[in-house]
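Have a look at coords.pdb below; it lists PDB, C-alpha atoms.
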ATOM      1  CA  MET A   6     185.811 144.795   6.884
ATOM      2  CA  ASN A   7     184.344 144.027  10.267
ATOM      3  CA  GLU A   8     180.995 142.290  10.410
ATOM      4  CA  GLU A   9     179.233 145.157  12.098
ATOM      5  CA  LEU A  10     180.228 147.656   9.409
ATOM      6  CA  ALA A  11     179.405 145.145   6.657
ATOM      7  CA  SER A  12     175.950 144.639   8.118
ATOM      8  CA  GLN A  13     175.456 148.420   8.077
ATOM      9  CA  LEU A  14     176.734 148.876   4.520
ATOM     10  CA  GLU A  15     174.828 146.002   2.927
ATOM     11  CA  PRO A  16     171.350 147.593   3.161
ATOM     12  CA  LEU A  17     172.801 150.771   1.656
ATOM     13  CA  HIS A  18     174.434 148.951  -1.241
ATOM     14  CA  ALA A  19     171.808 149.504  -3.948
ATOM     15  CA  ASP A  20     171.463 153.195  -3.122
ATOM     16  CA  ALA A  21     175.250 153.506  -2.902
ATOM     17  CA  PHE A  22     175.450 152.085  -6.411
ATOM     18  CA  GLY A  23     172.867 154.650  -7.596
ATOM     19  CA  TRP A  24     174.914 157.420  -6.001
ATOM     20  CA  ALA A  25     178.096 156.091  -7.621
ATOM     21  CA  VAL A  26     176.322 156.039 -10.999
ATOM     22  CA  HIS A  27     175.350 159.672 -10.471
ATOM     23  CA  CYS A  28     178.918 160.608  -9.451
ATOM     24  CA  CYS A  29     180.220 158.896 -12.613
ATOM     25  CA  GLY A  30     177.863 160.767 -14.930
ATOM     26  CA  GLY A  31     175.619 157.751 -15.578
ATOM     27  CA  ASP A  32     178.416 155.327 -16.467
ATOM     28  CA  THR A  33     177.529 152.127 -14.590
ATOM     29  CA  HIS A  34     180.810 150.395 -15.428
ATOM     30  CA  ARG A  35     182.865 153.153 -13.824
ATOM     31  CA  ALA A  36     180.373 153.310 -10.963
ATOM     32  CA  GLU A  37     181.092 149.642 -10.186
ATOM     33  CA  ASP A  38     184.821 150.406 -10.139
ATOM     34  CA  VAL A  39     184.311 153.397  -7.860
ATOM     35  CA  LEU A  40     182.140 151.412  -5.460
ATOM     36  CA  GLN A  41     184.682 148.584  -5.414
ATOM     37  CA  THR A  42     187.517 151.053  -4.687
ATOM     38  CA  ALA A  43     185.480 152.549  -1.846
ATOM     39  CA  TYR A  44     185.045 149.051  -0.355
ATOM     40  CA  VAL A  45     188.805 148.458  -0.735
ATOM     41  CA  LYS A  46     189.461 151.644   1.259
ATOM     42  CA  VAL A  47     187.219 150.350   4.036
ATOM     43  CA  LEU A  48     188.841 146.890   3.939
ATOM     44  CA  GLN A  49     192.333 148.352   4.106
ATOM     45  CA  GLY A  50     191.374 150.648   6.948
ATOM     46  CA  LEU A  51     192.119 153.769   4.878
ATOM     47  CA  ALA A  52     188.581 154.980   5.577
ATOM     48  CA  MET A  53     187.059 154.372   8.984
ATOM     49  CA  TYR A  54     183.591 155.185  10.224
ATOM     50  CA  GLU A  55     183.960 157.130  13.453
ATOM     51  CA  ALA A  56     180.229 157.682  14.091
ATOM     52  CA  ARG A  57     180.549 161.463  13.841
ATOM     53  CA  SER A  58     177.710 161.480  11.280
ATOM     54  CA  ALA A  59     175.110 159.043   9.991
ATOM     55  CA  ILE A  60     176.644 156.022   8.297
ATOM     56  CA  LYS A  61     174.880 156.877   5.028
ATOM     57  CA  THR A  62     176.335 160.405   5.062
ATOM     58  CA  TRP A  63     179.852 159.073   5.723
ATOM     59  CA  TRP A  64     179.577 156.301   3.118
ATOM     60  CA  PHE A  65     178.177 158.554   0.414
ATOM     61  CA  GLY A  66     180.846 161.174   1.119
ATOM     62  CA  LEU A  67     183.512 158.486   0.697
ATOM     63  CA  ILE A  68     181.972 157.312  -2.600
ATOM     64  CA  ARG A  69     181.856 160.902  -3.867
ATOM     65  CA  LEU A  70     185.509 161.442  -2.939
ATOM     66  CA  THR A  71     186.512 158.148  -4.570
ATOM     67  CA  ALA A  72     184.658 159.078  -7.770
ATOM     68  CA  LEU A  73     186.523 162.413  -7.862
ATOM     69  CA  GLU A  74     189.854 160.623  -7.376
ATOM     70  CA  GLU A  75     189.019 158.145 -10.138
ATOM     71  CA  PHE A  76     188.073 161.004 -12.435
ATOM     72  CA  ARG A  77     191.404 162.757 -11.775
ATOM     73  CA  ARG A  78     193.298 159.486 -12.221
ATOM     74  CA  GLN A  79     191.566 158.873 -15.536
ATOM     75  CA  ARG A  80     192.417 162.368 -16.754
ATOM     76  CA  TYR A  81     196.035 161.761 -15.741
ATOM     77  CA  ARG A  82     196.099 158.431 -17.615
ATOM     78  CA  GLU A  83     194.801 160.195 -20.687
ATOM     79  CA  SER A  84     197.560 162.807 -20.474
ATOM     80  CA  LEU A  85     200.836 162.405 -22.390
ATOM     81  CA  LEU A  86     202.958 161.934 -19.263
ATOM     82  CA  GLY A  87     200.527 159.358 -17.910
ATOM     83  CA  ARG A  88     200.655 157.331 -21.121
ATOM     84  CA  LEU A  89     204.450 157.514 -21.126
ATOM     85  CA  LEU A  90     204.709 156.285 -17.549
ATOM     86  CA  ALA A  91     202.183 153.545 -18.282
ATOM     87  CA  THR A  92     204.517 152.194 -20.973
ATOM     88  CA  ILE A  93     207.488 152.297 -18.550
ATOM     89  CA  SER A  94     205.540 150.630 -15.754
ATOM     90  CA  PRO A  95     203.143 148.164 -17.393
ATOM     91  CA  GLY A  96     202.107 146.741 -14.016
ATOM     92  CA  GLU A  97     199.823 149.710 -13.490
ATOM     93  CA  GLU A  98     196.313 148.743 -14.395
ATOM     94  CA  THR A  99     194.967 150.781 -17.275
ATOM     95  CA  VAL A 100     191.329 151.570 -17.865
ATOM     96  CA  SER A 101     189.942 152.511 -21.222
ATOM     97  CA  PRO A 102     188.930 156.174 -21.177
ATOM     98  CA  SER A 103     185.912 155.495 -23.333
ATOM     99  CA  PRO A 104     182.830 154.596 -21.318
ATOM    100  CA  CYS A 105     181.539 151.053 -21.477
ATOM    101  CA  PRO A 106     178.593 150.694 -23.862
ATOM    102  CA  ARG A 107     176.707 148.920 -21.088
ATOM    103  CA  GLY A 108     176.944 152.112 -19.071
ATOM    104  CA  VAL A 109     175.883 154.341 -21.900
ATOM    105  CA  ILE A 110     172.914 152.423 -23.201
ATOM    106  CA  GLU A 111     169.884 152.864 -21.025
ATOM    107  CA  ALA A 112     166.969 150.519 -21.450
ATOM    108  CA  ASP A 113     164.424 152.998 -20.267
ATOM    109  CA  GLU A 114     163.988 156.054 -22.454
ATOM    110  CA  ARG A 115     162.459 158.109 -19.677
ATOM    111  CA  THR A 116     165.274 157.236 -17.311
ATOM    112  CA  ARG A 117     167.746 158.368 -19.910
ATOM    113  CA  ALA A 118     165.845 161.627 -20.344
ATOM    114  CA  VAL A 119     165.904 162.280 -16.591
ATOM    115  CA  ARG A 120     169.625 161.577 -16.491
ATOM    116  CA  ALA A 121     170.192 163.984 -19.365
ATOM    117  CA  GLN A 122     168.115 166.647 -17.607
ATOM    118  CA  LEU A 123     170.120 166.139 -14.415
ATOM    119  CA  ALA A 124     173.363 166.305 -16.366
ATOM    120  CA  SER A 125     172.340 169.650 -17.824
ATOM    121  CA  LEU A 126     172.096 171.150 -14.310
ATOM    122  CA  PRO A 127     175.171 172.576 -12.576
ATOM    123  CA  GLY A 128     177.022 169.849 -10.641
ATOM    124  CA  ARG A 129     176.025 170.970  -7.123
ATOM    125  CA  GLN A 130     172.374 171.347  -8.092
ATOM    126  CA  ALA A 131     172.269 167.880  -9.625
ATOM    127  CA  GLU A 132     173.953 166.425  -6.539
ATOM    128  CA  VAL A 133     171.570 167.980  -4.053
ATOM    129  CA  LEU A 134     168.521 166.887  -6.074
ATOM    130  CA  HIS A 135     169.815 163.330  -6.281
ATOM    131  CA  LEU A 136     170.631 163.181  -2.575
ATOM    132  CA  VAL A 137     167.276 164.589  -1.476
ATOM    133  CA  PHE A 138     164.848 162.983  -3.916
ATOM    134  CA  TYR A 139     166.638 159.781  -4.870
ATOM    135  CA  GLN A 140     168.385 159.008  -1.588
ATOM    136  CA  ASP A 141     165.769 160.504   0.756
ATOM    137  CA  LEU A 142     168.354 162.542   2.625
ATOM    138  CA  SER A 143     167.512 165.868   4.221
ATOM    139  CA  VAL A 144     169.121 169.028   2.853
ATOM    140  CA  VAL A 145     171.328 169.130   5.976
ATOM    141  CA  GLU A 146     172.559 165.560   5.334
ATOM    142  CA  ALA A 147     173.060 166.369   1.647
ATOM    143  CA  ALA A 148     175.187 169.358   2.645
ATOM    144  CA  ALA A 149     177.352 167.058   4.792
ATOM    145  CA  VAL A 150     177.856 164.640   1.878
ATOM    146  CA  MET A 151     178.619 167.469  -0.534
ATOM    147  CA  LYS A 152     180.960 169.175   1.961
ATOM    148  CA  VAL A 153     179.163 172.532   1.645
ATOM    149  CA  SER A 154     177.338 174.708   4.153
ATOM    150  CA  VAL A 155     173.639 174.078   4.789
ATOM    151  CA  GLY A 156     172.772 177.536   3.467
ATOM    152  CA  SER A 157     174.615 176.875   0.246
ATOM    153  CA  ALA A 158     172.988 173.458  -0.130
ATOM    154  CA  ARG A 159     169.543 174.958   0.429
ATOM    155  CA  GLN A 160     170.216 177.591  -2.240
ATOM    156  CA  HIS A 161     171.336 174.908  -4.710
ATOM    157  CA  TYR A 162     168.276 172.832  -3.770
ATOM    158  CA  ASP A 163     165.742 175.624  -4.469
ATOM    159  CA  ARG A 164     167.364 176.584  -7.766
ATOM    160  CA  ALA A 165     167.708 172.962  -8.819
ATOM    161  CA  LYS A 166     164.040 172.157  -8.171
ATOM    162  CA  ALA A 167     162.891 175.135 -10.222
ATOM    163  CA  ARG A 168     165.287 174.339 -13.062
ATOM    164  CA  MET A 169     164.414 170.628 -13.066
ATOM    165  CA  ARG A 170     160.679 171.410 -13.227
ATOM    166  CA  GLU A 171     161.312 173.701 -16.179
ATOM    167  CA  LEU A 172     163.228 170.964 -17.965
ATOM    168  CA  ILE A 173     160.555 168.338 -17.265
ATOM    169  CA  THR A 174     157.769 170.661 -18.447
ATOM    170  CA  THR A 175     159.663 171.476 -21.643
ATOM    171  CA  SER A 176     160.333 167.803 -22.250
ATOM    172  CA  ASN A 177     156.638 166.920 -21.683
ATOM    173  CA  GLU A 178     155.490 169.657 -24.054
ATOM    174  CA  LEU A 179     157.862 168.444 -26.737
ATOM    175  CA  SER A 180     156.688 164.856 -26.375
ATOM    176  CA  CYS A 181     153.023 166.020 -26.574
ATOM    177  CA  HIS A 182     153.718 167.868 -29.838
ATOM    178  CA  GLU A 183     155.376 164.779 -31.296
TER     179      GLU A 183
ATOM    180  CA  MET B  11     150.347 164.580  -1.905
ATOM    181  CA  SER B  12     153.426 166.696  -1.149
ATOM    182  CA  GLU B  13     154.406 169.693  -3.238
ATOM    183  CA  ASP B  14     157.443 167.904  -4.616
ATOM    184  CA  GLN B  15     155.642 164.698  -5.535
ATOM    185  CA  ASP B  16     156.333 165.235  -9.253
ATOM    186  CA  LEU B  17     160.061 165.259  -8.656
ATOM    187  CA  LYS B  18     159.834 162.338  -6.222
ATOM    188  CA  ASP B  19     158.083 160.260  -8.904
ATOM    189  CA  VAL B  20     160.765 161.100 -11.449
ATOM    190  CA  PHE B  21     163.563 160.069  -9.122
ATOM    191  CA  ALA B  22     161.694 156.961  -7.970
ATOM    192  CA  ARG B  23     161.729 155.713 -11.579
ATOM    193  CA  LEU B  24     165.435 156.442 -11.820
ATOM    194  CA  ARG B  25     166.053 154.611  -8.556
ATOM    195  CA  ALA B  26     164.108 151.544  -9.699
ATOM    196  CA  ALA B  27     166.099 151.437 -12.959
ATOM    197  CA  ASP B  28     169.403 151.634 -11.084
ATOM    198  CA  ARG B  29     168.367 148.923  -8.627
ATOM    199  CA  ASP B  30     167.752 146.546 -11.528
ATOM    200  CA  ARG B  31     171.299 147.051 -12.773
ATOM    201  CA  ALA B  32     173.102 147.150  -9.448
ATOM    202  CA  PRO B  33     175.617 144.334  -8.851
ATOM    203  CA  THR B  34     175.031 142.393  -5.629
ATOM    204  CA  PHE B  35     176.757 143.406  -2.418
ATOM    205  CA  SER B  36     178.591 140.079  -2.154
ATOM    206  CA  LEU B  37     179.912 140.342  -5.720
ATOM    207  CA  VAL B  38     181.349 143.826  -5.248
ATOM    208  CA  THR B  39     182.876 143.021  -1.852
ATOM    209  CA  GLN B  40     184.446 139.813  -3.240
ATOM    210  CA  ARG B  41     185.972 141.830  -6.063
ATOM    211  CA  ALA B  42     187.186 144.382  -3.536
ATOM    212  CA  VAL B  43     188.885 141.653  -1.488
ATOM    213  CA  ALA B  44     190.541 140.264  -4.637
ATOM    214  CA  ALA B  45     191.677 143.756  -5.671
ATOM    215  CA  MET B  46     193.075 144.384  -2.195
ATOM    216  CA  ARG B  47     195.127 141.156  -2.363
ATOM    217  CA  THR B  48     196.454 142.119  -5.789
ATOM    218  CA  ASN B  49     197.404 145.583  -4.563
ATOM    219  CA  SER B  50     199.205 144.171  -1.532
ATOM    220  CA  GLN B  51     201.645 142.230  -3.761
ATOM    221  CA  PRO B  52     204.890 144.094  -4.354
ATOM    222  CA  ARG B  53     204.968 145.734  -7.746
ATOM    223  CA  LEU B  54     207.746 147.541  -9.540
ATOM    224  CA  SER B  55     206.537 151.096  -9.769
ATOM    225  CA  TRP B  56     207.810 153.696 -12.227
ATOM    226  CA  ALA B  57     209.892 155.311  -9.454
ATOM    227  CA  TRP B  58     211.844 152.084  -9.022
ATOM    228  CA  TRP B  59     212.339 151.902 -12.781
ATOM    229  CA  LEU B  60     213.796 155.426 -12.790
ATOM    230  CA  ALA B  61     216.056 154.695  -9.801
ATOM    231  CA  GLY B  62     217.334 151.527 -11.507
ATOM    232  CA  ALA B  63     218.054 153.336 -14.761
ATOM    233  CA  GLY B  64     219.925 156.103 -12.888
ATOM    234  CA  GLY B  65     222.032 153.542 -11.024
ATOM    235  CA  LEU B  66     222.955 151.764 -14.248
ATOM    236  CA  ALA B  67     223.949 155.055 -15.884
ATOM    237  CA  ALA B  68     226.203 155.952 -12.932
ATOM    238  CA  LEU B  69     227.823 152.494 -13.005
ATOM    239  CA  ALA B  70     228.443 152.785 -16.762
ATOM    240  CA  ALA B  71     230.029 156.241 -16.326
ATOM    241  CA  PHE B  72     232.390 154.787 -13.686
ATOM    242  CA  LEU B  73     233.347 151.608 -15.557
ATOM    243  CA  LEU B  74     233.679 152.955 -19.104
ATOM    244  CA  PRO B  75     237.149 154.623 -18.683
ATOM    245  CA  ILE B  76     238.494 151.452 -17.038
ATOM    246  CA  VAL B  77     237.226 148.994 -19.624
ATOM    247  CA  SER B  78     238.131 150.979 -22.776
ATOM    248  CA  PRO B  79     241.657 152.668 -22.774
ATOM    249  CA  PRO B  80     242.021 156.236 -24.095
ATOM    250  CA  PRO B  81     242.777 156.540 -27.868
ATOM    251  CA  PRO B  82     246.502 157.025 -28.936
ATOM    252  CA  SER B  83     247.734 160.578 -29.583
ATOM    253  CA  LEU B  84     247.800 161.854 -33.186
ATOM    254  CA  ALA B  85     251.581 162.476 -33.240
ATOM    255  CA  GLY B  86     252.228 158.914 -32.158
ATOM    256  CA  SER B  87     249.900 157.394 -34.681
ATOM    257  CA  LEU B  88     251.275 159.261 -37.787
ATOM    258  CA  PRO B  89     254.124 157.542 -39.834
ATOM    259  CA  VAL B  90     257.653 159.117 -39.725
ATOM    260  CA  LEU B  91     258.349 160.560 -43.197
ATOM    261  CA  LEU B  92     261.747 162.281 -42.601
ATOM    262  CA  PRO B  93     263.657 160.425 -39.910
ATOM    263  CA  GLN B  94     266.488 162.274 -38.141
ATOM    264  CA  SER B  95     269.841 160.693 -39.023
ATOM    265  CA  GLY B  96     271.671 161.795 -35.898
ATOM    266  CA  GLU B  97     272.313 164.480 -33.291
ATOM    267  CA  GLY B  98     272.540 167.974 -34.830
ATOM    268  CA  SER B  99     271.689 166.823 -38.360
ATOM    269  CA  MET B 100     269.872 169.238 -40.581
ATOM    270  CA  LEU B 101     266.511 169.033 -42.152
ATOM    271  CA  PHE B 102     267.774 170.419 -45.565
ATOM    272  CA  ALA B 103     271.106 168.841 -46.475
ATOM    273  CA  GLY B 104     272.016 171.322 -49.334
ATOM    274  CA  ILE B 105     272.625 174.359 -47.134
ATOM    275  CA  ASP B 106     275.813 174.254 -45.156
ATOM    276  CA  PRO B 107     275.925 177.022 -42.554
ATOM    277  CA  GLY B 108     279.752 176.646 -42.208
ATOM    278  CA  ALA B 109     280.511 177.155 -45.918
ATOM    279  CA  SER B 110     282.004 180.412 -47.307
ATOM    280  CA  ALA B 111     279.684 182.936 -48.814
ATOM    281  CA  ALA B 112     282.186 183.655 -51.651
ATOM    282  CA  MET B 113     280.989 182.532 -55.042
ATOM    283  CA  PRO B 114     283.030 181.927 -58.275
ATOM    284  CA  SER B 115     281.517 184.942 -60.021
ATOM    285  CA  ASP B 116     282.398 187.378 -57.264
ATOM    286  CA  PHE B 117     285.284 188.859 -59.355
ATOM    287  CA  LEU B 118     282.714 190.454 -61.626
ATOM    288  CA  ILE B 119     281.456 192.630 -58.854
ATOM    289  CA  PRO B 120     283.191 196.017 -58.599
ATOM    290  CA  ALA B 121     286.085 195.955 -56.147
ATOM    291  CA  GLY B 122     284.825 198.862 -54.041
ATOM    292  CA  LEU B 123     281.479 197.269 -53.503
ATOM    293  CA  SER B 124     281.244 195.198 -50.474
ATOM    294  CA  ILE B 125     278.070 193.443 -49.498
ATOM    295  CA  ASP B 126     277.698 192.089 -46.052
ATOM    296  CA  ILE B 127     275.717 188.981 -45.940
ATOM    297  CA  PRO B 128     274.531 188.252 -42.507
TER     298      PRO B 128
END

As structure tokens, what does this structure read like?
Amino acid sequence: MNEELASQLEPLHADAFGWAVHCCGGDTHRAEDVLQTAYVKVLQGLAMYEARSAIKTWWFGLIRLTALEEFRRQRYRESLLGRLLATISPGEETVSPSPCPRGVIEADERTRAVRAQLASLPGRQAEVLHLVFYQDLSVVEAAAVMKVSVGSARQHYDRAKARMRELITTSNELSCHE
Amino acid sequence: MSEDQDLKDVFARLRAADRDRAPTFSLVTQRAVAAMRTNSQPRLSWAWWLAGAGGLAALAAFLLPIVSPPPPSLAGSLPVLLPQSGEGSMLFAGIDPGASAAMPSDFLIPAGLSIDIP
């Protein structure tokens, strides 16, 4: 990785990790793997920043794509053919399909509740909420990361906000009754 | 206060929690460099395993007829129970095709009766 790109990626690292955690459904262990794989792609020159968008948009799009690839690879490993080929070729690194307990256990109860509420939203809605409110991106930038049109992203954004507020209100009412 | 402040607060808590657990930039990049070096080493993939197994099977199919001769025929392997004594000898010695068909009791047969034996 060249020094200039590294100096641009370093300030984004913590937020990139948060985005990777979101893309991995809250599993921090897998998020670390995804982030590491994304860095490997940059180091190997498989992914290059060509300044056609903001660096954060490009980097987050790459992390999202890498998380999707990892998810597909994991599903393949879990399949019968994948297990068979893994026994023929033991050099291939295998990852346990069960999530790491470290990634599952959340210290903060409220954080866990928010993650569960986000997980209950449709995927696009959860993504746009995370990108706008967590990552401070605009809806236009979120659309670029999600590879959808701005109109579609805005629609997901409005629905997601309304749905998330409903979930938070319900959760607050339940906790008040308890 | 903006209209979405409630949601911003919720996500700010989530962000703070994730920041506490995030591995450092240097750690992840060092791991990435190590992983890249490992990946760059040649490794026998499953495709090479399949190609090797196919090659061995083809070699075995070619060499097997050369190394092991074909089994002997059944007629050759059976023992000879009734050997031929010579040229033109018969299988059943009691029947002589050149002998006369007349038998000692033929006089008992009426004279006018003639039976042709082929």

Near chain B, 7 Å: chain A residue rows, closest pairs, all atoms listed in the file, as a tab-separated table:
residue	atom	partner	partner_atom	distance
A:Glu15	CA	B:Phe35	CA	6.2
A:His18	CA	B:Phe35	CA	6.1
A:Ala19	CA	B:Arg29	CA	5.8
A:Phe22	CA	B:Ala32	CA	6.3
A:Gly23	CA	B:Asp28	CA	5.8
A:Gln41	CA	B:Ala42	CA	5.2
A:Thr42	CA	B:Ala42	CA	6.8
A:Tyr44	CA	B:Ala42	CA	6.0
A:Val45	CA	B:Ala42	CA	5.2
A:Leu90	CA	B:Trp56	CA	6.7
A:Ile93	CA	B:Trp56	CA	6.5
A:Ser94	CA	B:Trp56	CA	5.2
A:Gly96	CA	B:Arg53	CA	7.0
A:Thr116	CA	B:Leu24	CA	5.6
A:Phe138	CA	B:Lys18	CA	5.6
A:Tyr139	CA	B:Phe21	CA	5.3

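Between CA of Gln79 in chain A and CA of Ala43 in chain A the interatomic distance comes to 16.3 Å.
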
**Request:** Would you work out the distance separating CA of Asp38 in chain A from CA of Glu75 in chain A, expressed in Å to one decimal?
**Result:**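 Taking CA of Asp38 in chain A as the start and CA of Glu75 in chain A as the end point, the length is 8.8 Å.
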
Adding 5 Å on each side of the box along x, y and z that holds all listed atoms of range 164-180 of chain A, could you give its centre and edge lengths in Å to one decimal, as AutoDock Vina command-line options?
--center_x 161.6 --center_y 170.7 --center_z -17.3 --size_x 22.2 --size_y 21.7 --size_z 29.0

**Request:** Considering only C-alpha atoms, state which residue in the set B:Leu123, B:Ala112, B:Leu91, B:Glu13 is at the smallest distance from Arg170 in chain A.
**Result:** B:Glu13

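Interatomic distance, CA of Arg69 in chain A to CA of Cys28 in chain A: 6.3 Å.
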